Structure formats: C-alpha cells, structure tokens
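K.L.:
Below you will find the structure I want to go over with you.
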Amino acid sequence: MTGSGWLTQGVCLAFCWLKAPNSCRGVRLRRFRNRMEVEGVWEGSIPEGQAAGEVLTEGFLRLGGDESCLVAVAVPDAGFSFVDLRLPPLPREPLTRALSLELRRQSPLNPERLAWGYRRLPGARTPQGVPVRLVFCQTEEWQRLMDELTAFRPGFDVILPPALALDPLLSDRTWPCWRNGSAYFRLPDGTGGRRLLTTAPESTVLFGAGARPLELPGLTLPPALAARPAAEQALFAPAVIAGLYALSPALGQDAKTWLPVPEDLRFRRNLAARRLGLALGAYAAAGLTLWAAVAAVRNQRQIHVLNNEIAQLERNARGKNADRGRYEFVQKFLAECREAGVDRPGLPLYLAELTRQIGDGAWVQTLAWRNGGRMIELDLTMTDANADVLAAIRESPYLTDVVSLRKKVEASGGASLRLQMQARAPKSRPAVAAGLAPSRGTAP
C-alpha cells in the first residue's frame, strides 16, 4: 500500500460526517503487518434537530468499539483551506512562527480568528525547502464542528478533514473534493505536495470516486461493501482515509502540529493516561524536592559538627597548646566543604546566564552538567552560522574557558555547535532570578 508504513496490528473505528446527505458513515479497520482489512461498516442518517455526535455514538456501539480501538472522525473538507508550501527545514517552534506569518498572506482574516495546524510532508528536500501542508478554517466553523460532535460519548483520538491526511497516504491517488457545489481534484505534484485542479487527466487514478472508489492495494473490503454501487461506496471513502491515517505513524508525528482534540472530546483512555502522567510528574518533583532538602540538612549537620570541633580545638589551643596540625586540617577541610557544598550556585543560574548571552538567534538542544557542576557541555542550533556565540558567552562573569568542540554549517545558512566551558562560582549571587534573565540586546 503506497506510503503506508504499517506497523504490527491495531484496530480503528473511523467515521465521517457527510453534509449531502446529512448522514454518517463508519468502518472498522484492522491493521496487519502488510495489509489492511475493513471488518465491518455502518451508516446512519442524522434527523433534523439531532447532533452528529449522538448518531456516531450508535455507530461506535454497532461496530464493537471499546478502549482498545483508536477512534477517528473525518469532518467535511468544504470548510477548510489547504495550502502546500516549501519552507526551510526549521525546528518546530520557528516553523510555527513562520506559518503564523504565512497565514496573513493566505487569508484576509486576522490569524487570531483562524483555527489552524500543519503537517510536515515526506517529500524530498529541494532548494526551495521541505514540503509543509498548512490547513485552516474560521474559528467559528471549527467550534461549530466541535459542538456537533460533543454528544459523542466515547471520545476521539483525532478529528481532521480528509485532505489533511493525504501524503504519504494515497501518494499515488487523486482525491476529489467539493466546494460550493463544484468538484475539484487534489493531484499529487510529484514532490510531496498536491495541485488543485477543476478537471482530472484521464490517466488519473482516483480514490473516493470512479467505478471502484475504494480500490487500493493491500486494502480488503467485506463482500457487503464491495457489492454496493460505486456511488454508495464513495460515501465511505472519507472514513477509510481517516482510519488509514490513524493506523499509520503519521498520527503520532503530527500530534503536536495539528489541531488538538478538545479536552471534553478526547477518548477517556487518553485522559486517564494524561492524569497518570501528571501524577507521576508531581511524584517525581516531590521526590526531588525531598532529596534536595535531605541533602541540605545533611550538609548543615556536617558543618555544625565541624564548627563544634573547631571551637573545641580553639579552646584546647588556648589552654593546652593543642595539636596544631589537626586544627589546621579541620579548618582547611571546613573551607573546602563551604566552597564545594554550600555557596556553589546551581544549574538555574547558569541556564539563565546562557539564555542572556546567546540571545534570540540560537537554541540550546542538549546540555550536560559534569564534574560536580564545574563543567558544562551543550549543543546549540543557530539560525546564522556567522554569529559569534563564543565571544558572547566569554563575556559572562560566570562562564570561563569556553571552547568549541564541533561546528557544522547547514545548507540553510544556520549551524550546529558543540561547546564546553567551566562554571565559575561568583562571589555574590546575581539579583536576576534563574530562568528570567533578559536576552542580550533585547528588552525583557
């Protein structure tokens, strides 16, 4: 199956909500190692005054849904706009900022009035960049769709328009869509994206239309569905696409870039996992806090014991000419303990200082805190390969012996850099709170 990347096994209940006629379709898809099978189908009409989510709940039960199933729903393409772009290979946060600016060019509406997301497509990198699909609609339209689906009790893993799921899925098929009563065709452009045409060439292989609208290598249909007329089969195509997408690796890869499922519509297994994760995180934070408190108390007790011993030695020295060698050893040991264990600043100070020195043009990818907090190793990504980050960090009063271990210049003009430096303990702690230091050359 072209561009599928199927893994081992899994089951998905995939639904679609159709506007004409106002009805729903659903399929139960099972994934095997190298093929997919439609195990069951369902359809239901939406009576006037009833929400789509209520009808979909019936479909979930009819198809044998339970907590082990993924649940996906395809909403109509008509309310969404799709733009395939070529952009530099940026990390996720800079790419999101770049696409928010692109929205102003693609839509007359203020981006604050748009619900939008994107997918990184698997096409090859070209001089123009890598393929990215930007999808958006009016916030009111997205909220209206969510209101229609709120009555669906089990919850969803993903809600999406079918055209978003294309590529690598159906990368050799053309997808028909309709807007304002007119037909359009999204043809593969050969570079990972799609072209929108009003007519399809005769050699075009369609999915969702034609004499065999659900024919796909590696996809097995039940006899009851395969025997239906082509026009009826085509109504199940959006649900099949949603199911194929949900059972592919793309679902996890796009989780942070596509519109999230609202909290009250998420599958309850997801809510339980999230709550468990929060509980484990709180438990870990409490454990670290307790460990730090115990370590601090232990240090203070050791210092207190040493102070008492020094006081006793001083009394002995004044009265009995005590052993000066032992007295000097204890005083030296106490000074080393104070320098190494009590007044040494922690990691937050140096993180704040690095943030202030490197500015907005670079990002810390990894950071290693070695040799008891005396040595720092970090990997940086820079948007400008000519930026002198070493000189900027060397200006810091808290970082010394800054050396470059590796530098790699990217084709995009950026660079990745590995640095090593020594952490210098200041004589007095800075007034700026850790993590809130302003960037160099910019306002806080």
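Chain labels A, B, ... are given in the sequence in which chains occur in the structure tokens; within each chain residues are numbered consecutively from 1, and ligands are likewise numbered from 1 in the order shown.
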Out of range 164-386 of chain A, which residues get alpha helix (DSSP H) from DSSP, as a ChimeraX atom specification?
P.N.:
/A:164-165,223-226,230-234,237-246,250-253,268-320,324-337,347-358
K.L.:
Using only C-alpha atoms, which residues of range 50-143 of chain A come within 12 Å of range 32-43 of chain A, and what is the closest atom pair for each, with the distance in Å to one decimal? Give it as a Markdown table, sorted by chain and residue number.
P.N.:
| residue | atom | partner | partner_atom | distance |
| --- | --- | --- | --- | --- |
| A:Val55 | CA | A:Glu43 | CA | 9.3 |
| A:Leu56 | CA | A:Glu43 | CA | 9.1 |
| A:Thr57 | CA | A:Trp42 | CA | 11.5 |
| A:Glu58 | CA | A:Trp42 | CA | 9.4 |
| A:Gly59 | CA | A:Trp42 | CA | 6.2 |
| A:Phe60 | CA | A:Trp42 | CA | 9.0 |
| A:Leu61 | CA | A:Trp42 | CA | 10.2 |
| A:Arg62 | CA | A:Trp42 | CA | 7.3 |
| A:Leu63 | CA | A:Gly40 | CA | 6.6 |
| A:Gly64 | CA | A:Gly40 | CA | 9.3 |
| A:Gly65 | CA | A:Gly40 | CA | 11.3 |
K.L.:
I need the residues in range 22-147 of chain A that are strand (DSSP E) according to DSSP; give them as an MDAnalysis selection string.
P.N.:
chainID A and resid 23:31 36:45 70:74 81:87 114:120 130:138
K.L.:
Would you kindly return, as an MDAnalysis selection string, each protein, DNA or RNA residue with an atom no farther than 8 Å from any atom of Val240 in chain A, considering only C-alpha atoms and excluding same-chain residues fewer than 2 positions away?
P.N.:
chainID A and resid 14:15 27 29 236:238 242:244
K.L.:
Skipping near chain neighbours, those fewer than 3 positions away, what residues fall within 8 Å of range 225-230 of chain A using only C-alpha atoms, listed as a list in words?
P.N.:
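So the residues in contact are Val41, Ala209, Gly210, Ala211, Arg212, Pro213, Leu221, Pro222, Gln233 and Ala234 of chain A.
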K.L.:
Write out the residues from the selection above, keeping C-alpha atoms, as a compact mmCIF listing (two decimals), in the first residue's frame.
P.N.:
# COMPACT_ATOMS: atom_id res chain seq x y z
CA VAL A 41 -19.31 -0.99 8.06
CA ALA A 209 -14.74 8.42 -6.97
CA GLY A 210 -14.94 6.49 -10.22
CA ALA A 211 -16.03 2.93 -10.91
CA ARG A 212 -14.02 1.46 -7.97
CA PRO A 213 -13.80 4.29 -5.41
CA LEU A 221 -13.22 -4.86 1.67
CA PRO A 222 -16.03 -7.02 3.09
CA GLN A 233 -19.03 3.02 -1.76
CA ALA A 234 -17.68 6.53 -2.35
K.L.:
Report, in Å with one decimal, the straight-line distance from CA of Asp360 in chain A to CA of Leu380 in chain A.
P.N.:
11.9 Å
K.L.:
Distance CA of Gly53 in chain A-CA of Glu148 in chain A, one decimal place?
P.N.:
6.0 Å
K.L.:
Just the residues within 6 Å of range 393-401 of chain A, please, counting only C-alpha atoms, with nothing from its chain fewer than 5 positions along; format it as a PyMOL selection string.
P.N.:
chain A and resi 357+421-424
K.L.:
Measure the distance from CA of Ser404 in chain A to CA of Trp369 in chain A in Å and round it to one decimal.
P.N.:
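These atoms are spaced 16.5 Å apart.
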K.L.:
Go through A:Gly193, A:Gly281, A:Pro111, A:Pro91 one by one, measure the shortest atom-to-atom distance of each to Thr257 in chain A using only C-alpha atoms, and give the residue with the smallest value.
P.N.:
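Nearest to Thr257 in chain A: A:Pro91.
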